[in-house]
>>> print(open('my_file.cif').read())   # mmCIF, N, CA and C atoms
data_start
loop_
_atom_site.label_atom_id
_atom_site.label_comp_id
_atom_site.auth_asym_id
_atom_site.auth_seq_id
_atom_site.Cartn_x
_atom_site.Cartn_y
_atom_site.Cartn_z
N LYS N 133 37.66 15.19 -42.28
CA LYS N 133 36.64 14.36 -41.64
C LYS N 133 36.95 14.21 -40.16
N THR N 134 35.91 14.06 -39.39
CA THR N 134 36.08 13.79 -37.97
C THR N 134 35.26 12.58 -37.57
N TYR N 135 35.67 11.94 -36.52
CA TYR N 135 34.96 10.83 -35.94
C TYR N 135 34.57 11.23 -34.53
N LEU N 136 33.28 11.40 -34.31
CA LEU N 136 32.78 11.87 -33.03
C LEU N 136 33.48 13.17 -32.61
N GLY N 137 33.68 14.04 -33.59
CA GLY N 137 34.26 15.33 -33.32
C GLY N 137 35.77 15.33 -33.18
N ARG N 138 36.41 14.19 -33.38
CA ARG N 138 37.86 14.11 -33.22
C ARG N 138 38.54 14.16 -34.60
N PRO N 139 39.62 14.92 -34.72
CA PRO N 139 40.34 14.96 -36.00
C PRO N 139 41.07 13.65 -36.27
N GLU N 140 41.43 13.44 -37.54
CA GLU N 140 42.13 12.21 -37.93
C GLU N 140 43.38 11.96 -37.12
N THR N 141 44.09 13.01 -36.76
CA THR N 141 45.37 12.87 -36.07
C THR N 141 45.24 12.61 -34.58
N ASP N 142 44.04 12.57 -34.05
CA ASP N 142 43.83 12.34 -32.62
C ASP N 142 44.23 10.92 -32.24
N VAL N 143 45.08 10.81 -31.24
CA VAL N 143 45.59 9.50 -30.81
C VAL N 143 44.47 8.61 -30.29
N VAL N 144 43.52 9.19 -29.56
CA VAL N 144 42.40 8.40 -29.03
C VAL N 144 41.60 7.80 -30.18
N ARG N 145 41.39 8.57 -31.22
CA ARG N 145 40.64 8.07 -32.37
C ARG N 145 41.36 6.88 -33.00
N CYS N 146 42.67 7.01 -33.18
CA CYS N 146 43.45 5.93 -33.80
C CYS N 146 43.47 4.68 -32.92
N THR N 147 43.61 4.88 -31.62
CA THR N 147 43.60 3.75 -30.69
C THR N 147 42.24 3.06 -30.69
N THR N 148 41.20 3.85 -30.80
CA THR N 148 39.85 3.30 -30.85
C THR N 148 39.63 2.45 -32.09
N MET N 149 40.24 2.84 -33.20
CA MET N 149 40.13 2.04 -34.42
C MET N 149 40.71 0.64 -34.20
N VAL N 150 41.86 0.58 -33.53
CA VAL N 150 42.48 -0.72 -33.25
C VAL N 150 41.61 -1.53 -32.30
N ALA N 151 41.07 -0.90 -31.28
CA ALA N 151 40.20 -1.59 -30.34
C ALA N 151 38.95 -2.12 -31.03
N LEU N 152 38.40 -1.33 -31.94
CA LEU N 152 37.23 -1.77 -32.70
C LEU N 152 37.59 -2.99 -33.57
N GLY N 153 38.70 -2.91 -34.27
CA GLY N 153 39.13 -4.04 -35.10
C GLY N 153 39.35 -5.29 -34.28
N ASP N 154 39.99 -5.15 -33.12
CA ASP N 154 40.21 -6.31 -32.24
C ASP N 154 38.89 -6.91 -31.77
N ALA N 155 37.95 -6.05 -31.37
CA ALA N 155 36.66 -6.54 -30.89
C ALA N 155 35.90 -7.28 -31.99
N ILE N 156 35.95 -6.75 -33.17
CA ILE N 156 35.26 -7.41 -34.30
C ILE N 156 35.92 -8.75 -34.61
N ARG N 157 37.26 -8.77 -34.62
CA ARG N 157 37.99 -10.02 -34.93
C ARG N 157 37.72 -11.07 -33.87
N VAL N 158 37.74 -10.69 -32.60
CA VAL N 158 37.49 -11.63 -31.52
C VAL N 158 36.10 -12.22 -31.61
N ASN N 159 35.17 -11.46 -32.15
CA ASN N 159 33.80 -11.94 -32.31
C ASN N 159 33.59 -12.65 -33.65
N ARG N 160 34.66 -13.18 -34.18
CA ARG N 160 34.66 -14.05 -35.36
C ARG N 160 34.07 -13.38 -36.60
N ARG N 161 34.48 -12.14 -36.79
CA ARG N 161 34.08 -11.41 -37.99
C ARG N 161 35.34 -10.82 -38.63
N PRO N 162 36.28 -11.71 -39.04
CA PRO N 162 37.58 -11.24 -39.51
C PRO N 162 37.53 -10.41 -40.79
N GLU N 163 36.54 -10.63 -41.63
CA GLU N 163 36.45 -9.83 -42.85
C GLU N 163 36.16 -8.36 -42.53
N GLU N 164 35.27 -8.14 -41.58
CA GLU N 164 34.98 -6.77 -41.17
C GLU N 164 36.16 -6.16 -40.42
N ALA N 165 36.81 -6.97 -39.59
CA ALA N 165 37.99 -6.49 -38.86
C ALA N 165 39.11 -6.12 -39.83
N LEU N 166 39.25 -6.90 -40.88
CA LEU N 166 40.28 -6.62 -41.90
C LEU N 166 40.06 -5.24 -42.50
N THR N 167 38.83 -4.90 -42.77
CA THR N 167 38.51 -3.57 -43.31
C THR N 167 38.95 -2.47 -42.35
N VAL N 168 38.68 -2.65 -41.07
CA VAL N 168 39.06 -1.66 -40.07
C VAL N 168 40.58 -1.55 -39.99
N PHE N 169 41.27 -2.69 -39.95
CA PHE N 169 42.73 -2.66 -39.84
C PHE N 169 43.39 -2.09 -41.09
N GLU N 170 42.83 -2.37 -42.25
CA GLU N 170 43.38 -1.79 -43.47
C GLU N 170 43.20 -0.27 -43.48
N ALA N 171 42.06 0.20 -42.99
CA ALA N 171 41.84 1.65 -42.89
C ALA N 171 42.82 2.26 -41.89
N HIS N 172 43.04 1.58 -40.78
CA HIS N 172 44.00 2.06 -39.79
C HIS N 172 45.41 2.09 -40.37
N ALA N 173 45.78 1.06 -41.11
CA ALA N 173 47.11 1.02 -41.73
C ALA N 173 47.30 2.18 -42.70
N ALA N 174 46.29 2.45 -43.49
CA ALA N 174 46.37 3.57 -44.44
C ALA N 174 46.53 4.89 -43.69
N LEU N 175 45.80 5.03 -42.60
CA LEU N 175 45.88 6.25 -41.79
C LEU N 175 47.29 6.42 -41.20
N VAL N 176 47.82 5.36 -40.63
CA VAL N 176 49.15 5.43 -40.01
C VAL N 176 50.22 5.73 -41.06
N ARG N 177 50.13 5.06 -42.20
CA ARG N 177 51.12 5.31 -43.27
C ARG N 177 51.06 6.75 -43.76
N ARG N 178 49.87 7.29 -43.84
CA ARG N 178 49.70 8.65 -44.37
C ARG N 178 50.12 9.70 -43.35
N LEU N 179 49.69 9.54 -42.10
CA LEU N 179 49.93 10.57 -41.10
C LEU N 179 51.25 10.41 -40.35
N TRP N 180 51.67 9.17 -40.14
CA TRP N 180 52.89 8.90 -39.38
C TRP N 180 53.76 7.89 -40.12
N PRO N 181 54.26 8.23 -41.31
CA PRO N 181 55.01 7.26 -42.12
C PRO N 181 56.31 6.79 -41.47
N HIS N 182 56.81 7.53 -40.49
CA HIS N 182 58.06 7.14 -39.84
C HIS N 182 57.82 6.29 -38.59
N ASN N 183 56.57 6.03 -38.26
CA ASN N 183 56.22 5.20 -37.10
C ASN N 183 56.22 3.73 -37.54
N GLU N 184 57.42 3.21 -37.76
CA GLU N 184 57.54 1.85 -38.27
C GLU N 184 57.01 0.81 -37.29
N GLY N 185 57.17 1.05 -36.00
CA GLY N 185 56.62 0.12 -35.00
C GLY N 185 55.12 0.03 -35.08
N GLY N 186 54.46 1.18 -35.22
CA GLY N 186 53.01 1.21 -35.35
C GLY N 186 52.53 0.53 -36.63
N ILE N 187 53.28 0.73 -37.69
CA ILE N 187 52.94 0.08 -38.97
C ILE N 187 53.06 -1.43 -38.84
N LEU N 188 54.10 -1.90 -38.14
CA LEU N 188 54.28 -3.35 -37.95
C LEU N 188 53.14 -3.96 -37.14
N VAL N 189 52.70 -3.26 -36.12
CA VAL N 189 51.58 -3.76 -35.30
C VAL N 189 50.32 -3.88 -36.16
N THR N 190 50.06 -2.87 -36.96
CA THR N 190 48.88 -2.89 -37.82
C THR N 190 48.99 -4.00 -38.86
N GLN N 191 50.18 -4.19 -39.41
CA GLN N 191 50.38 -5.27 -40.37
C GLN N 191 50.16 -6.63 -39.72
N SER N 192 50.56 -6.77 -38.48
CA SER N 192 50.33 -8.04 -37.76
C SER N 192 48.84 -8.30 -37.58
N ASN N 193 48.08 -7.25 -37.27
CA ASN N 193 46.63 -7.40 -37.17
C ASN N 193 46.03 -7.84 -38.50
N ILE N 194 46.51 -7.26 -39.59
CA ILE N 194 46.03 -7.64 -40.92
C ILE N 194 46.37 -9.10 -41.21
N ALA N 195 47.60 -9.51 -40.91
CA ALA N 195 48.01 -10.90 -41.14
C ALA N 195 47.14 -11.86 -40.32
N ASN N 196 46.82 -11.49 -39.08
CA ASN N 196 45.96 -12.35 -38.26
C ASN N 196 44.58 -12.51 -38.89
N CYS N 197 44.03 -11.42 -39.41
CA CYS N 197 42.72 -11.50 -40.08
C CYS N 197 42.80 -12.39 -41.33
N LEU N 198 43.85 -12.21 -42.10
CA LEU N 198 44.02 -13.03 -43.31
C LEU N 198 44.07 -14.52 -42.94
N GLY N 199 44.77 -14.83 -41.86
CA GLY N 199 44.83 -16.21 -41.40
C GLY N 199 43.47 -16.73 -40.98
N GLN N 200 42.71 -15.91 -40.26
CA GLN N 200 41.37 -16.32 -39.84
C GLN N 200 40.45 -16.53 -41.04
N LEU N 201 40.72 -15.82 -42.11
CA LEU N 201 39.91 -15.97 -43.33
C LEU N 201 40.37 -17.14 -44.19
N GLY N 202 41.41 -17.85 -43.74
CA GLY N 202 41.94 -18.98 -44.50
C GLY N 202 42.87 -18.57 -45.63
N ARG N 203 43.24 -17.32 -45.66
CA ARG N 203 44.14 -16.82 -46.70
C ARG N 203 45.58 -16.90 -46.18
N HIS N 204 46.02 -18.14 -45.93
CA HIS N 204 47.30 -18.38 -45.27
C HIS N 204 48.50 -17.96 -46.12
N ASP N 205 48.40 -18.12 -47.44
CA ASP N 205 49.52 -17.68 -48.30
C ASP N 205 49.74 -16.19 -48.18
N ALA N 206 48.68 -15.42 -48.21
CA ALA N 206 48.79 -13.96 -48.07
C ALA N 206 49.28 -13.59 -46.68
N ALA N 207 48.79 -14.31 -45.66
CA ALA N 207 49.23 -14.05 -44.29
C ALA N 207 50.72 -14.33 -44.15
N LEU N 208 51.19 -15.44 -44.74
CA LEU N 208 52.60 -15.80 -44.64
C LEU N 208 53.49 -14.76 -45.32
N THR N 209 53.08 -14.29 -46.48
CA THR N 209 53.86 -13.26 -47.17
C THR N 209 54.03 -12.03 -46.29
N LEU N 210 52.96 -11.60 -45.67
CA LEU N 210 53.02 -10.43 -44.80
C LEU N 210 53.83 -10.73 -43.53
N GLU N 211 53.64 -11.92 -42.96
CA GLU N 211 54.37 -12.29 -41.75
C GLU N 211 55.87 -12.36 -41.99
N ARG N 212 56.28 -12.82 -43.15
CA ARG N 212 57.72 -12.85 -43.48
C ARG N 212 58.29 -11.43 -43.49
N LYS N 213 57.54 -10.50 -44.08
CA LYS N 213 58.00 -9.10 -44.12
C LYS N 213 58.07 -8.52 -42.72
N ILE N 214 57.06 -8.81 -41.91
CA ILE N 214 57.02 -8.30 -40.54
C ILE N 214 58.20 -8.82 -39.75
N TYR N 215 58.45 -10.12 -39.82
CA TYR N 215 59.55 -10.73 -39.07
C TYR N 215 60.89 -10.15 -39.51
N ALA N 216 61.11 -10.04 -40.81
CA ALA N 216 62.37 -9.50 -41.32
C ALA N 216 62.58 -8.06 -40.85
N LYS N 217 61.52 -7.27 -40.88
CA LYS N 217 61.62 -5.87 -40.45
C LYS N 217 61.89 -5.78 -38.95
N ARG N 218 61.24 -6.63 -38.17
CA ARG N 218 61.47 -6.63 -36.72
C ARG N 218 62.91 -7.05 -36.39
N VAL N 219 63.42 -8.04 -37.10
CA VAL N 219 64.82 -8.45 -36.88
C VAL N 219 65.74 -7.27 -37.17
N ALA N 220 65.50 -6.58 -38.29
CA ALA N 220 66.34 -5.44 -38.66
C ALA N 220 66.22 -4.29 -37.66
N MET N 221 65.02 -4.04 -37.16
CA MET N 221 64.80 -2.91 -36.24
C MET N 221 65.18 -3.20 -34.79
N PHE N 222 64.83 -4.39 -34.31
CA PHE N 222 64.93 -4.68 -32.88
C PHE N 222 65.89 -5.82 -32.53
N GLY N 223 66.31 -6.60 -33.51
CA GLY N 223 67.15 -7.76 -33.24
C GLY N 223 66.31 -9.00 -32.99
N THR N 224 66.98 -10.15 -32.96
CA THR N 224 66.27 -11.43 -32.84
C THR N 224 65.76 -11.71 -31.44
N SER N 225 66.36 -11.08 -30.42
CA SER N 225 65.98 -11.42 -29.05
C SER N 225 64.85 -10.55 -28.48
N HIS N 226 64.34 -9.62 -29.25
CA HIS N 226 63.24 -8.76 -28.80
C HIS N 226 61.95 -9.58 -28.74
N GLN N 227 61.16 -9.37 -27.71
CA GLN N 227 59.94 -10.16 -27.52
C GLN N 227 58.99 -10.03 -28.72
N GLY N 228 58.86 -8.83 -29.28
CA GLY N 228 58.00 -8.64 -30.45
C GLY N 228 58.51 -9.39 -31.67
N THR N 229 59.83 -9.49 -31.80
CA THR N 229 60.42 -10.23 -32.91
C THR N 229 60.13 -11.73 -32.75
N ILE N 230 60.29 -12.22 -31.54
CA ILE N 230 60.02 -13.64 -31.28
C ILE N 230 58.55 -13.95 -31.53
N MET N 231 57.66 -13.04 -31.12
CA MET N 231 56.23 -13.23 -31.37
C MET N 231 55.94 -13.26 -32.87
N ALA N 232 56.56 -12.36 -33.62
CA ALA N 232 56.37 -12.33 -35.06
C ALA N 232 56.87 -13.62 -35.70
N GLY N 233 58.01 -14.12 -35.23
CA GLY N 233 58.53 -15.39 -35.74
C GLY N 233 57.63 -16.55 -35.41
N THR N 234 57.03 -16.51 -34.22
CA THR N 234 56.09 -17.55 -33.81
C THR N 234 54.85 -17.54 -34.70
N ASN N 235 54.32 -16.36 -34.97
CA ASN N 235 53.16 -16.25 -35.86
C ASN N 235 53.49 -16.81 -37.24
N GLN N 236 54.68 -16.51 -37.72
CA GLN N 236 55.11 -17.01 -39.02
C GLN N 236 55.20 -18.54 -39.00
N ALA N 237 55.77 -19.11 -37.94
CA ALA N 237 55.90 -20.56 -37.84
C ALA N 237 54.54 -21.25 -37.78
N ILE N 238 53.59 -20.65 -37.07
CA ILE N 238 52.24 -21.22 -36.99
C ILE N 238 51.60 -21.25 -38.38
N THR N 239 51.78 -20.18 -39.13
CA THR N 239 51.23 -20.15 -40.49
C THR N 239 51.92 -21.17 -41.38
N LEU N 240 53.22 -21.36 -41.20
CA LEU N 240 53.93 -22.40 -41.96
C LEU N 240 53.31 -23.77 -41.68
N TYR N 241 52.98 -24.04 -40.42
CA TYR N 241 52.31 -25.30 -40.07
C TYR N 241 50.97 -25.41 -40.78
N LYS N 242 50.21 -24.33 -40.78
CA LYS N 242 48.89 -24.36 -41.41
C LYS N 242 48.98 -24.62 -42.91
N LEU N 243 50.10 -24.23 -43.50
CA LEU N 243 50.32 -24.47 -44.93
C LEU N 243 51.04 -25.79 -45.19
N ALA N 244 51.19 -26.60 -44.14
CA ALA N 244 51.85 -27.90 -44.20
C ALA N 244 53.32 -27.79 -44.63
N LEU N 245 53.95 -26.67 -44.30
CA LEU N 245 55.38 -26.49 -44.55
C LEU N 245 56.12 -26.83 -43.25
N PHE N 246 55.98 -28.11 -42.87
CA PHE N 246 56.43 -28.56 -41.56
C PHE N 246 57.93 -28.44 -41.35
N ASP N 247 58.72 -28.81 -42.37
CA ASP N 247 60.17 -28.75 -42.21
C ASP N 247 60.65 -27.32 -41.97
N GLU N 248 60.11 -26.39 -42.73
CA GLU N 248 60.50 -24.99 -42.55
C GLU N 248 60.05 -24.46 -41.19
N ALA N 249 58.85 -24.85 -40.77
CA ALA N 249 58.34 -24.41 -39.47
C ALA N 249 59.22 -24.96 -38.34
N LYS N 250 59.53 -26.25 -38.39
CA LYS N 250 60.35 -26.85 -37.34
C LYS N 250 61.75 -26.24 -37.31
N HIS N 251 62.32 -26.03 -38.48
CA HIS N 251 63.65 -25.40 -38.55
C HIS N 251 63.60 -24.01 -37.92
N SER N 252 62.59 -23.25 -38.25
CA SER N 252 62.45 -21.89 -37.72
C SER N 252 62.36 -21.91 -36.20
N ILE N 253 61.54 -22.81 -35.67
CA ILE N 253 61.36 -22.88 -34.21
C ILE N 253 62.61 -23.44 -33.54
N ARG N 254 63.06 -24.59 -34.00
CA ARG N 254 64.16 -25.31 -33.34
C ARG N 254 65.48 -24.56 -33.43
N ASP N 255 65.80 -24.02 -34.60
CA ASP N 255 67.13 -23.47 -34.83
C ASP N 255 67.22 -21.95 -34.66
N GLN N 256 66.10 -21.25 -34.75
CA GLN N 256 66.16 -19.80 -34.67
C GLN N 256 65.42 -19.26 -33.44
N LEU N 257 64.15 -19.54 -33.34
CA LEU N 257 63.32 -18.89 -32.32
C LEU N 257 63.52 -19.43 -30.90
N LEU N 258 63.49 -20.74 -30.76
CA LEU N 258 63.54 -21.33 -29.42
C LEU N 258 64.84 -21.03 -28.67
N PRO N 259 66.01 -21.18 -29.29
CA PRO N 259 67.24 -20.85 -28.55
C PRO N 259 67.28 -19.38 -28.08
N VAL N 260 66.83 -18.48 -28.94
CA VAL N 260 66.83 -17.06 -28.59
C VAL N 260 65.80 -16.79 -27.49
N ALA N 261 64.63 -17.41 -27.59
CA ALA N 261 63.59 -17.21 -26.58
C ALA N 261 64.05 -17.72 -25.22
N ARG N 262 64.69 -18.88 -25.19
CA ARG N 262 65.18 -19.42 -23.91
C ARG N 262 66.20 -18.46 -23.28
N GLN N 263 67.09 -17.94 -24.12
CA GLN N 263 68.16 -17.08 -23.60
C GLN N 263 67.63 -15.71 -23.17
N SER N 264 66.80 -15.11 -24.00
CA SER N 264 66.39 -13.73 -23.71
C SER N 264 65.14 -13.62 -22.85
N LEU N 265 64.22 -14.56 -22.96
CA LEU N 265 62.96 -14.48 -22.22
C LEU N 265 62.91 -15.43 -21.03
N GLY N 266 63.70 -16.50 -21.11
CA GLY N 266 63.70 -17.50 -20.04
C GLY N 266 62.87 -18.72 -20.41
N ALA N 267 63.20 -19.82 -19.79
CA ALA N 267 62.54 -21.09 -20.12
C ALA N 267 61.08 -21.14 -19.70
N ASP N 268 60.70 -20.31 -18.73
CA ASP N 268 59.32 -20.37 -18.24
C ASP N 268 58.43 -19.26 -18.81
N ASN N 269 58.92 -18.52 -19.78
CA ASN N 269 58.13 -17.47 -20.42
C ASN N 269 57.06 -18.11 -21.32
N TYR N 270 55.92 -17.47 -21.41
CA TYR N 270 54.81 -18.04 -22.19
C TYR N 270 55.16 -18.21 -23.67
N LEU N 271 55.97 -17.33 -24.23
CA LEU N 271 56.37 -17.49 -25.63
C LEU N 271 57.30 -18.68 -25.80
N THR N 272 58.24 -18.84 -24.88
CA THR N 272 59.16 -19.97 -24.93
C THR N 272 58.39 -21.28 -24.80
N LEU N 273 57.48 -21.32 -23.85
CA LEU N 273 56.67 -22.54 -23.65
C LEU N 273 55.81 -22.83 -24.87
N GLY N 274 55.26 -21.78 -25.48
CA GLY N 274 54.46 -21.97 -26.69
C GLY N 274 55.28 -22.50 -27.84
N LEU N 275 56.51 -22.02 -27.97
CA LEU N 275 57.40 -22.53 -29.02
C LEU N 275 57.72 -24.00 -28.81
N GLU N 276 57.99 -24.37 -27.55
CA GLU N 276 58.27 -25.78 -27.25
C GLU N 276 57.05 -26.64 -27.55
N HIS N 277 55.88 -26.14 -27.23
CA HIS N 277 54.65 -26.88 -27.54
C HIS N 277 54.49 -27.06 -29.05
N ASN N 278 54.70 -25.97 -29.80
CA ASN N 278 54.57 -26.06 -31.26
C ASN N 278 55.60 -27.00 -31.87
N LEU N 279 56.80 -27.03 -31.32
CA LEU N 279 57.84 -27.92 -31.83
C LEU N 279 57.47 -29.38 -31.57
N ALA N 280 56.81 -29.65 -30.45
CA ALA N 280 56.44 -31.01 -30.10
C ALA N 280 55.31 -31.56 -30.97
N MET N 281 54.58 -30.68 -31.61
CA MET N 281 53.44 -31.12 -32.43
C MET N 281 53.89 -31.76 -33.72
#
>>> encode(input="my_file.cif", output="structure tokens")
Amino acid sequence: KTYLGRPETDVVRCTTMVALGDAIRVNRRPEEALTVFEAHAALVRRLWPHNEGGILVTQSNIANCLGQLGRHDAALTLERKIYAKRVAMFGTSHQGTIMAGTNQAITLYKLALFDEAKHSIRDQLLPVARQSLGADNYLTLGLEHNLAM
């Protein structure tokens, strides 16, 4: 199959799928965006199974859609896997790992798992973010804001 004459393996085609999913999600149509992101995830797993970073990005998009749909339990399950994989691949001080941990903490708040969310932010994410990203980084400031809530 081709999309506008482009083969499945074309990088532009794959990037366009992500852009389409993002545009749909931003326009408050997360169910349709979820379909696009799931198709993209299947494509990446099939064609580039060793591209773990790309798979993690796609999984994060899926988790975001699940959260927008109110499916917070499913989003949290996926976010836990994403965070654990990022820690294993990149370490705790990597910006993408901190972002994944932040997403997980926000979902914990949405599920009223306040103690776990606060522990995650206060004891794990915030100290690492301050040290590796700096006190004035947007992720660090966001973590401090979330902890204050």
>>> axis_aligned_box(input="my_file.cif", around="range 184-198 of chain N", padding_each_side="8 Å", output="AutoDock Vina command-line options")
--center_x 50.1 --center_y -5.7 --center_z -39.2 --size_x 30.8 --size_y 33.7 --size_z 24.3
>>> resolve_selection(input="my_file.cif", expression="the PyMOL selection byres ((chain N and resi 233) around 8)", output="NGL selection string")
:N and (211 or 214-216 or 227-232 or 234-239 or 252-253 or 257)
>>> resolve_selection(input="my_file.cif", expression="the PyMOL selection byres (((chain N and resi 169 and name CA) around 9) and name CA)", output="list in words")
Met149, Val150, Gly153, Asp154, Glu164, Ala165, Leu166, Thr167, Val168, Glu170, Ala171, His172, Ala173, Ala174, Thr190, Gln191, Asn193, Ile194 and Cys197 of chain N
>>> atom_distance(input="my_file.cif", atom1="CA of Ala151 in chain N", atom2="CA of Asp268 in chain N")
29.4 Å
>>> atom_distance(input="my_file.cif", atom1="CA of Pro259 in chain N", atom2="CA of Met281 in chain N")
17.6 Å
>>> atom_distance(input="my_file.cif", atom1="CA of Thr209 in chain N", atom2="CA of Gly223 in chain N")
20.0 Å
>>> closest_residue(input="my_file.cif", among="N:His251, N:Arg157, N:His182, N:His277", to="Ala195 in chain N", atoms="only C-alpha atoms")
N:Arg157
>>> select_by_dssp(input="my_file.cif", residues="range 135-252 of chain N", states="alpha helix (DSSP H)", output="ChimeraX atom specification")
/N:143-158,162-179,184-200,204-222,227-242,246-251
>>> select_by_dssp(input="my_file.cif", residues="chain N", states="strand (DSSP E)", output="list of chain:residue names")
N:Thr134, N:Tyr135, N:Arg138, N:Pro139
>>> closest_residue(input="my_file.cif", among="N:Lys213, N:Arg254, N:Arg178, N:Gln263", to="Leu275 in chain N", atoms="only C-alpha atoms")
N:Arg254
>>> closest_residue(input="my_file.cif", among="N:Lys217, N:Asn196, N:Gly186, N:Cys146", to="Arg161 in chain N", atoms="only C-alpha atoms")
N:Asn196
>>> closest_residue(input="my_file.cif", among="N:Val219, N:Leu240, N:Val143, N:Leu175", to="His204 in chain N", atoms="only N, CA and C atoms")
N:Leu240
